[in-house]
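Data from input09.cif: mmCIF, C-alpha atoms
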data_protein
loop_
_atom_site.label_atom_id
_atom_site.label_comp_id
_atom_site.auth_asym_id
_atom_site.auth_seq_id
_atom_site.Cartn_x
_atom_site.Cartn_y
_atom_site.Cartn_z
CA MET A 29 26.59 -57.52 -30.45
CA ARG A 30 27.72 -54.07 -31.59
CA ARG A 31 24.33 -52.69 -30.58
CA LEU A 32 24.70 -54.15 -27.10
CA ALA A 33 28.14 -52.62 -26.78
CA LEU A 34 26.74 -49.24 -27.84
CA ILE A 35 23.94 -49.43 -25.25
CA ALA A 36 26.44 -50.39 -22.58
CA ALA A 37 28.69 -47.45 -23.52
CA LEU A 38 25.77 -44.98 -23.49
CA THR A 39 24.61 -46.30 -20.12
CA ALA A 40 28.10 -45.88 -18.71
CA VAL A 41 28.21 -42.25 -19.92
CA LEU A 42 24.64 -41.23 -18.97
CA ALA A 43 24.11 -43.11 -15.72
CA PRO A 44 26.45 -41.02 -13.55
CA ALA A 45 24.93 -37.82 -14.98
CA SER A 46 21.36 -38.86 -14.20
CA ALA A 47 22.38 -40.14 -10.78
CA THR A 48 24.00 -36.78 -10.06
CA ALA A 49 20.83 -34.94 -11.16
CA ALA A 50 18.66 -37.15 -8.97
CA THR A 51 20.78 -36.64 -5.89
CA GLN A 52 21.84 -33.06 -6.57
CA ARG A 53 21.72 -31.04 -3.36
CA THR A 54 19.79 -27.82 -3.43
CA THR A 55 19.93 -24.58 -1.47
CA MET A 56 17.41 -22.44 0.39
CA ALA A 57 17.75 -19.67 -2.21
CA LYS A 58 16.86 -22.07 -5.03
CA VAL A 59 13.91 -23.62 -3.19
CA LEU A 60 12.16 -20.61 -1.63
CA PRO A 61 10.77 -18.98 -4.83
CA TYR A 62 8.67 -22.06 -5.54
CA PHE A 63 6.69 -22.04 -2.29
CA MET A 64 4.13 -19.94 -0.44
CA CYS A 65 3.60 -19.11 3.20
CA VAL A 66 0.40 -21.15 3.69
CA THR A 67 -1.15 -18.92 6.35
CA CYS A 68 -0.31 -15.52 4.85
CA ASP A 69 -0.71 -16.37 1.13
CA ILE A 70 2.43 -14.51 0.08
CA PRO A 71 5.71 -15.94 -1.26
CA LEU A 72 7.57 -17.77 1.49
CA ALA A 73 10.72 -15.78 0.75
CA ASN A 74 8.95 -12.56 1.84
CA ALA A 75 6.83 -13.91 4.69
CA GLN A 76 7.63 -13.06 8.31
CA SER A 77 4.88 -14.97 10.17
CA PRO A 78 5.60 -17.62 12.85
CA GLN A 79 4.21 -20.27 10.49
CA ALA A 80 6.55 -19.12 7.70
CA GLU A 81 9.50 -19.42 10.10
CA LYS A 82 8.53 -23.03 10.81
CA GLU A 83 8.05 -23.74 7.11
CA ARG A 84 11.52 -22.40 6.30
CA ALA A 85 13.02 -24.35 9.22
CA TYR A 86 11.44 -27.52 7.85
CA ILE A 87 12.84 -26.87 4.37
CA GLN A 88 16.29 -26.25 5.86
CA GLN A 89 15.97 -29.52 7.77
CA LEU A 90 15.22 -31.36 4.50
CA ILE A 91 18.10 -29.63 2.71
CA ASN A 92 20.46 -30.59 5.52
CA ALA A 93 19.25 -34.18 5.23
CA GLY A 94 20.30 -34.08 1.56
CA ASP A 95 16.84 -34.03 -0.02
CA THR A 96 16.57 -32.95 -3.65
CA PHE A 97 14.20 -30.21 -4.84
CA ALA A 98 11.70 -32.84 -6.00
CA GLN A 99 11.76 -34.57 -2.62
CA ILE A 100 11.32 -31.27 -0.79
CA LYS A 101 8.36 -30.39 -3.02
CA THR A 102 6.74 -33.78 -2.35
CA ALA A 103 7.31 -33.42 1.40
CA LEU A 104 5.82 -29.92 1.53
CA ILE A 105 2.74 -30.98 -0.45
CA ALA A 106 2.29 -33.90 1.97
CA GLN A 107 2.43 -31.50 4.91
CA TYR A 108 0.40 -28.56 3.58
CA GLY A 109 -1.37 -29.66 0.40
CA GLU A 110 -0.92 -28.10 -3.02
CA HIS A 111 -1.62 -24.59 -1.72
CA VAL A 112 2.01 -24.50 -0.67
CA LEU A 113 3.06 -24.24 -4.33
CA ALA A 114 3.72 -20.75 -5.68
CA LEU A 115 2.33 -21.87 -9.03
CA PRO A 116 -0.92 -23.71 -8.28
CA PRO A 117 -1.96 -26.82 -10.20
CA ALA A 118 -4.17 -26.27 -13.23
CA SER A 119 -7.39 -27.55 -11.67
CA GLY A 120 -10.46 -26.19 -9.88
CA PHE A 121 -10.67 -22.45 -9.24
CA ASP A 122 -6.87 -22.19 -9.52
CA ILE A 123 -7.14 -22.87 -13.24
CA ALA A 124 -8.11 -19.17 -13.51
CA VAL A 125 -4.43 -18.32 -12.93
CA TYR A 126 -3.67 -19.87 -16.32
CA ALA A 127 -6.99 -19.43 -18.12
CA VAL A 128 -7.59 -15.70 -17.50
CA PRO A 129 -4.38 -14.41 -19.12
CA ILE A 130 -4.96 -16.71 -22.13
CA ALA A 131 -8.58 -15.52 -22.40
CA VAL A 132 -7.53 -11.86 -22.20
CA VAL A 133 -4.84 -12.28 -24.89
CA ALA A 134 -7.27 -14.21 -27.12
CA ALA A 135 -9.94 -11.51 -26.71
CA LEU A 136 -7.49 -8.72 -27.56
CA ALA A 137 -6.21 -10.65 -30.60
CA SER A 138 -9.81 -11.15 -31.80
CA LEU A 139 -10.49 -7.44 -31.39
CA LEU A 140 -7.42 -6.60 -33.47
CA VAL A 141 -8.48 -9.04 -36.20
CA ILE A 142 -11.89 -7.35 -36.36
CA LEU A 143 -10.81 -3.72 -36.03
CA LEU A 144 -7.56 -3.58 -38.05
CA PRO A 145 -9.19 -4.09 -41.50
CA ARG A 146 -11.73 -1.36 -40.66
CA TRP A 147 -9.00 1.09 -39.67
CA ARG A 148 -7.10 0.26 -42.87
CA ARG A 149 -10.18 0.85 -45.07
CA ARG A 150 -10.74 4.20 -43.40
CA GLY A 151 -7.15 5.28 -44.31
CA PRO A 152 -5.12 8.16 -42.85
CA PRO A 153 -6.76 11.56 -42.21
CA GLY A 154 -6.50 13.95 -45.19
CA SER A 155 -6.39 11.20 -47.82
CA ALA A 156 -8.38 11.44 -51.08
CA ASP A 157 -11.23 9.38 -49.73
CA ALA A 158 -11.64 11.81 -46.91
CA ASP A 159 -11.75 15.00 -49.14
CA PRO A 160 -15.00 16.91 -48.88
CA VAL A 161 -17.14 17.03 -52.03
CA LEU A 162 -17.55 20.57 -53.41
CA ALA A 163 -20.94 22.05 -53.90
CA SER A 164 -21.82 22.35 -57.62
CA ALA A 165 -21.63 26.18 -57.60
CA ASP A 166 -18.21 26.10 -55.99
CA ALA A 167 -17.05 23.48 -58.47
CA VAL A 168 -18.12 25.67 -61.41
CA ARG A 169 -16.31 28.66 -59.87
CA LEU A 170 -13.17 26.61 -59.25
CA GLU A 171 -13.15 25.33 -62.82
CA ALA A 172 -13.55 28.86 -64.15
CA GLU A 173 -10.68 30.20 -62.07
CA LEU A 174 -8.40 27.33 -63.03
CA ALA A 175 -9.23 27.96 -66.69
CA ARG A 176 -8.31 31.64 -66.23
CA TYR A 177 -4.90 30.66 -64.82
CA ASP A 178 -4.30 28.22 -67.64
CA SER A 179 -5.01 30.81 -70.31
CA MET B 19 -15.75 -7.47 -24.77
CA SER B 20 -18.45 -6.74 -22.21
CA ILE B 21 -18.80 -10.48 -21.58
CA LEU B 22 -15.09 -10.70 -20.81
CA ALA B 23 -15.30 -7.72 -18.45
CA ALA B 24 -18.28 -9.25 -16.66
CA ALA B 25 -16.43 -12.56 -16.35
CA LEU B 26 -13.37 -10.84 -14.88
CA ILE B 27 -15.50 -8.92 -12.36
CA GLY B 28 -17.31 -12.15 -11.44
CA LEU B 29 -13.98 -13.87 -10.91
CA LEU B 30 -12.76 -11.04 -8.70
CA VAL B 31 -15.93 -11.07 -6.58
CA TYR B 32 -15.75 -14.87 -6.21
CA GLY B 33 -12.09 -14.67 -5.18
CA LEU B 34 -12.80 -11.98 -2.58
CA ALA B 35 -15.83 -13.83 -1.22
CA LYS B 36 -13.77 -16.99 -0.88
CA GLN B 37 -11.19 -15.21 1.23
CA GLY B 38 -13.64 -14.03 3.87
CA THR B 39 -14.25 -16.12 6.96
CA SER B 40 -17.79 -17.17 7.78
CA ARG B 41 -19.34 -16.23 11.12
CA ALA B 42 -22.63 -18.00 10.45
CA LEU B 43 -22.01 -20.49 13.30
CA ASP B 44 -21.36 -17.68 15.79
CA ALA B 45 -24.54 -15.88 14.81
CA ALA B 46 -26.61 -19.06 15.19
CA VAL B 47 -25.11 -19.93 18.61
CA ARG B 48 -25.65 -16.33 19.80
CA ALA B 49 -29.28 -16.66 18.74
CA GLY B 50 -29.62 -19.69 21.03
CA GLN B 51 -29.58 -22.26 18.25
CA ARG B 52 -27.43 -25.36 17.95
CA PRO B 53 -26.23 -25.46 14.34
CA ARG B 54 -24.99 -28.74 12.90
CA ALA B 55 -21.21 -28.96 13.08
CA PRO B 56 -19.65 -28.56 9.61
CA GLU B 57 -17.62 -31.24 7.86
CA ILE B 58 -18.87 -34.12 10.03
CA THR B 59 -18.06 -36.78 7.45
CA ARG B 60 -14.75 -35.34 6.28
CA ALA B 61 -12.00 -37.91 6.95
CA LEU B 62 -8.89 -36.21 8.35
CA PRO B 63 -5.45 -37.82 8.70
CA VAL B 64 -4.85 -38.96 12.27
CA LEU B 65 -1.90 -37.37 14.06
CA VAL B 66 -2.10 -39.30 17.32
CA GLY B 67 -4.50 -41.07 19.70
CA ILE B 68 -6.78 -42.86 17.22
CA ASP B 69 -6.08 -46.39 16.00
CA ARG B 70 -6.77 -45.57 12.36
CA ARG B 71 -5.10 -43.64 9.56
CA THR B 72 -8.02 -41.23 9.12
CA ALA B 73 -10.98 -40.22 11.25
CA ALA B 74 -14.14 -38.17 10.74
CA LEU B 75 -16.17 -36.33 13.40
CA GLU B 76 -19.00 -38.77 12.74
CA ARG B 77 -16.97 -41.31 14.74
CA TRP B 78 -17.77 -39.43 17.99
CA ARG B 79 -21.53 -39.16 17.45
CA GLY B 80 -23.23 -39.76 20.81
CA GLN B 81 -20.39 -38.08 22.73
CA VAL B 82 -19.50 -34.53 23.66
CA VAL B 83 -16.60 -33.29 21.50
CA VAL B 84 -14.44 -30.27 22.23
CA ILE B 85 -12.72 -29.40 18.96
CA ASN B 86 -9.58 -27.32 19.41
CA PHE B 87 -7.76 -25.87 16.38
CA TRP B 88 -4.08 -25.32 17.09
CA ALA B 89 -0.58 -25.41 15.59
CA SER B 90 2.97 -25.66 16.87
CA TRP B 91 3.70 -22.23 15.35
CA CYS B 92 0.82 -20.58 17.24
CA PRO B 93 2.30 -18.47 20.05
CA THR B 94 -0.81 -18.50 22.29
CA CYS B 95 -1.84 -22.14 21.85
CA GLY B 96 0.48 -23.34 24.62
CA ALA B 97 -1.21 -21.14 27.21
CA GLU B 98 -4.51 -23.04 26.94
CA ALA B 99 -2.97 -26.53 26.69
CA GLY B 100 -3.33 -27.30 30.40
CA LEU B 101 -6.97 -26.25 30.40
CA LEU B 102 -7.72 -28.53 27.46
CA GLU B 103 -5.98 -31.48 29.10
CA ARG B 104 -8.10 -30.96 32.23
CA ALA B 105 -11.19 -30.84 30.00
CA GLU B 106 -10.16 -34.19 28.51
CA HIS B 107 -9.86 -35.73 32.00
CA TYR B 108 -13.21 -34.19 32.98
CA LEU B 109 -14.98 -35.74 29.96
CA ASN B 110 -13.19 -39.10 30.33
CA ALA B 111 -14.04 -39.38 34.01
CA ARG B 112 -17.76 -39.00 33.16
CA HIS B 113 -17.54 -41.15 30.02
CA GLU B 114 -19.08 -38.22 28.18
CA GLY B 115 -16.68 -37.56 25.33
CA THR B 116 -13.32 -36.21 24.31
CA VAL B 117 -11.25 -33.21 23.37
CA LEU B 118 -10.21 -33.47 19.73
CA GLY B 119 -7.19 -31.48 18.66
CA VAL B 120 -7.06 -30.41 15.02
CA THR B 121 -3.69 -29.17 13.81
CA TYR B 122 -3.98 -26.33 11.34
CA LYS B 123 -1.41 -26.14 8.51
CA ASP B 124 1.34 -27.63 10.62
CA ILE B 125 4.28 -29.97 10.07
CA THR B 126 3.57 -33.44 11.53
CA SER B 127 6.88 -33.81 13.38
CA TYR B 128 6.57 -30.31 14.88
CA SER B 129 2.99 -31.03 16.02
CA LEU B 130 4.00 -34.30 17.69
CA SER B 131 6.93 -32.67 19.41
CA TRP B 132 4.66 -29.83 20.64
CA LEU B 133 2.14 -32.34 22.06
CA ARG B 134 4.88 -34.18 23.94
CA GLN B 135 6.30 -30.91 25.23
CA HIS B 136 2.89 -29.90 26.67
CA GLY B 137 2.00 -33.39 27.90
CA LEU B 138 -1.29 -33.60 26.03
CA THR B 139 -3.01 -36.98 25.79
CA PHE B 140 -6.20 -36.38 23.81
CA PRO B 141 -6.59 -37.52 20.17
CA ASN B 142 -5.47 -35.26 17.37
CA VAL B 143 -6.12 -35.10 13.64
CA ARG B 144 -4.52 -32.98 10.93
CA ASP B 145 -6.18 -30.31 8.82
CA ILE B 146 -3.46 -30.22 6.20
CA ASP B 147 -4.63 -27.34 4.01
CA GLY B 148 -7.02 -25.61 6.40
CA SER B 149 -10.15 -26.54 4.43
CA PHE B 150 -11.76 -28.31 7.42
CA ALA B 151 -11.16 -25.25 9.60
CA GLU B 152 -12.61 -23.07 6.85
CA GLY B 153 -15.99 -24.71 7.45
CA TYR B 154 -15.83 -23.40 11.04
CA GLY B 155 -14.78 -19.92 9.94
CA THR B 156 -11.39 -20.51 11.49
CA ALA B 157 -8.46 -18.58 10.09
CA GLN B 158 -6.66 -17.61 13.29
CA LEU B 159 -5.55 -19.77 16.19
CA PRO B 160 -6.43 -21.02 18.70
CA GLU B 161 -10.18 -21.62 18.38
CA THR B 162 -12.42 -24.03 20.28
CA PHE B 163 -15.86 -25.45 19.49
CA VAL B 164 -17.96 -27.49 21.93
CA LEU B 165 -20.27 -30.00 20.24
CA ASP B 166 -23.15 -31.87 21.83
CA ARG B 167 -23.90 -35.59 21.43
CA ARG B 168 -25.70 -34.92 18.15
CA LEU B 169 -22.61 -33.10 16.88
CA ARG B 170 -24.24 -29.69 17.02
CA VAL B 171 -22.29 -26.58 18.02
CA VAL B 172 -23.12 -25.48 21.56
CA ALA B 173 -20.37 -22.94 22.27
CA ILE B 174 -17.53 -21.22 20.41
CA SER B 175 -14.33 -19.61 21.67
CA ARG B 176 -12.42 -17.60 19.08
CA GLY B 177 -9.00 -16.92 20.51
CA GLU B 178 -7.22 -18.32 23.54
CA LEU B 179 -9.36 -20.11 26.15
CA THR B 180 -8.94 -18.31 29.43
CA SER B 181 -11.99 -19.34 31.44
CA GLU B 182 -12.19 -22.90 32.72
CA SER B 183 -15.68 -22.26 34.08
CA TRP B 184 -16.84 -21.22 30.58
CA LEU B 185 -15.54 -24.50 29.15
CA VAL B 186 -17.01 -26.65 31.95
CA HIS B 187 -20.36 -24.89 31.57
CA ALA B 188 -20.30 -25.48 27.79
CA MET B 189 -19.37 -29.17 28.21
CA ASN B 190 -22.17 -29.68 30.75
CA ALA B 191 -24.68 -28.00 28.45
CA ALA B 192 -23.49 -30.20 25.58
CA ALA B 193 -23.77 -33.36 27.68
CA GLN B 194 -27.40 -32.59 28.53
CA ALA B 195 -28.56 -32.58 24.91
#
structure tokens encoding of this file:
Amino acid sequence: MRRLALIAALTAVLAPASATAATQRTTMAKVLPYFMCVTCDIPLANAQSPQAEKERAYIQQLINAGDTFAQIKTALIAQYGEHVLALPPASGFDIAVYAVPIAVVAALASLLVILLPRWRRRGPPGSADADPVLASADAVRLEAELARYDS
Amino acid sequence: MSILAAALIGLLVYGLAKQGTSRALDAAVRAGQRPRAPEITRALPVLVGIDRRTAALERWRGQVVVINFWASWCPTCGAEAGLLERAEHYLNARHEGTVLGVTYKDITSYSLSWLRQHGLTFPNVRDIDGSFAEGYGTAQLPETFVLDRRLRVVAISRGELTSESWLVHAMNAAAQA
């Protein structure tokens, strides 16, 4: 019984919030960044073509009718197909939009994994490993001179 | 690393090639050939004038078809509307075929309103994302293709139709196939 009362209380609190979210009105400024001009292939917000004008007019018409962002998105896809979306779906050739950056980052990370240990082993320039080996005659001379200073 | 570079270059070339419009049909028609119309079996959503939800070109096999790509946002499409309507009457009177309007990336309600405004009566289908038009090398409007009874391309007009005699000549040639 207590559980039922709790569910009823939660429903009473959450229902108006979800209803508000579902029916929340949107604005042109919020909608435009998500769509493309379908004839000029540039963001709708920047497009000046006659088709873009019609597309914006249609969106305004939907906003005036009280459509939510989700409803506007569905309506635009029904009219123009998924090419109207600024971020294309992850399928077909469009998957390159998502796959190429991931592939580039993965390739660079792999390169770092391979090259970093080599660079570390090599050490900084001028370190002991990098000192030139003296010729035997020079080494004998150096030892003799050092001995002279010590004495 | 070189594989990645090659893949990126390949992707770039593919993307650029995809953006270009094909003029293969024009070249074939200029050479006196009658190339098969592209996308014959592609079912397109019906806008008006056909008693089905979708229709493919195949439906008009055995008739002359004048395909006209247009949109309500196209500033020059209205100028040729009267000529196309006369072509529809011409074909209907001879029981030879039809004009078929294909809206290109247009809003349904705007297309319907535009048709009413220009008093056009021929059937129309919708090319929602422009992929049907792509097969015809169409990226700018208006464009018109005259197909013979075997759905082969007889004549092409890229840009606004201005010559009625050109269209009548093309329809007659298409009817004789």
Report task. Pick out the closest residue to chain A from this set: B:Leu185, B:Leu65, B:Ala45, B:Leu101. Count only C-alpha atoms. Result -> B:Leu65
Evaluating the PyMOL selection byres ((chain A and resi 69-72) around 10) on the displayed file yields which residues, as a PDB file with C-alpha atoms, in the coordinates of the input?
ATOM      1  CA  VAL A  59      13.910 -23.620  -3.190  1.00  0.00           C
ATOM      2  CA  LEU A  60      12.160 -20.610  -1.630  1.00  0.00           C
ATOM      3  CA  PRO A  61      10.770 -18.980  -4.830  1.00  0.00           C
ATOM      4  CA  TYR A  62       8.670 -22.060  -5.540  1.00  0.00           C
ATOM      5  CA  PHE A  63       6.690 -22.040  -2.290  1.00  0.00           C
ATOM      6  CA  MET A  64       4.130 -19.940  -0.440  1.00  0.00           C
ATOM      7  CA  CYS A  65       3.600 -19.110   3.200  1.00  0.00           C
ATOM      8  CA  VAL A  66       0.400 -21.150   3.690  1.00  0.00           C
ATOM      9  CA  THR A  67      -1.150 -18.920   6.350  1.00  0.00           C
ATOM     10  CA  CYS A  68      -0.310 -15.520   4.850  1.00  0.00           C
ATOM     11  CA  ALA A  73      10.720 -15.780   0.750  1.00  0.00           C
ATOM     12  CA  ASN A  74       8.950 -12.560   1.840  1.00  0.00           C
ATOM     13  CA  ALA A  75       6.830 -13.910   4.690  1.00  0.00           C
ATOM     14  CA  GLN A  76       7.630 -13.060   8.310  1.00  0.00           C
ATOM     15  CA  SER A  77       4.880 -14.970  10.170  1.00  0.00           C
ATOM     16  CA  GLN A  79       4.210 -20.270  10.490  1.00  0.00           C
ATOM     17  CA  ALA A  80       6.550 -19.120   7.700  1.00  0.00           C
ATOM     18  CA  GLU A  81       9.500 -19.420  10.100  1.00  0.00           C
ATOM     19  CA  GLU A  83       8.050 -23.740   7.110  1.00  0.00           C
ATOM     20  CA  ARG A  84      11.520 -22.400   6.300  1.00  0.00           C
ATOM     21  CA  HIS A 111      -1.620 -24.590  -1.720  1.00  0.00           C
ATOM     22  CA  VAL A 112       2.010 -24.500  -0.670  1.00  0.00           C
ATOM     23  CA  LEU A 113       3.060 -24.240  -4.330  1.00  0.00           C
ATOM     24  CA  ALA A 114       3.720 -20.750  -5.680  1.00  0.00           C
TER      25      ALA A 114
END
Requested in this report: Name the residues that the PyMOL selection byres ((chain A) within 6 of (chain B)) pulls out of this structure, and write them as a ChimeraX atom specification.
Outcome: /A:78-79,107-109
Query - Residues returned when the PyMOL selection byres ((chain B and resi 80) around 8) runs on this file, as a list of chain:residue names - result: B:Trp78, B:Arg79, B:Gln81, B:Val82, B:Asp166, B:Arg167, B:Arg168, B:Leu169
Requested in this report: Would you work out the distance separating CA of Leu62 in chain B from CA of Asn110 in chain B, expressed in Å to one decimal?
Outcome: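 Here the two named atoms are 22.6 Å from each other.
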Query raised in the report: Quick one: distance from CA of Pro56 in chain B to CA of Gly155 in chain B in Å, one decimal?
Result: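 Separation between CA of Pro56 in chain B and CA of Gly155 in chain B: 9.9 Å.
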Query raised in the report: How would you write as a list in words the residues that get within 10 Å of (-15.6, -26.4, 8.2) in the file's frame, counting only C-alpha atoms?
Result: Ser40, Ala55, Pro56, Glu57, Ile58, Arg60, Gly148, Ser149, Phe150, Ala151, Glu152, Gly153, Tyr154, Gly155 and Thr156 of chain B
Requested in this report: Could you tell me how far CA of Ala93 in chain A lies from CA of Arg53 in chain A, in Å and to one decimal?
Outcome: 9.5 Å
Requested in this report: Please provide as an MDAnalysis selection string all residues within 12 Å of Val164 in chain B, with the sequence filter that same-chain residues fewer than 5 positions apart are discarded (counting only C-alpha atoms).
Outcome: chainID B and resid 43 47 52:55 81:87 102 105 109 115:119 154 169:176 184:193
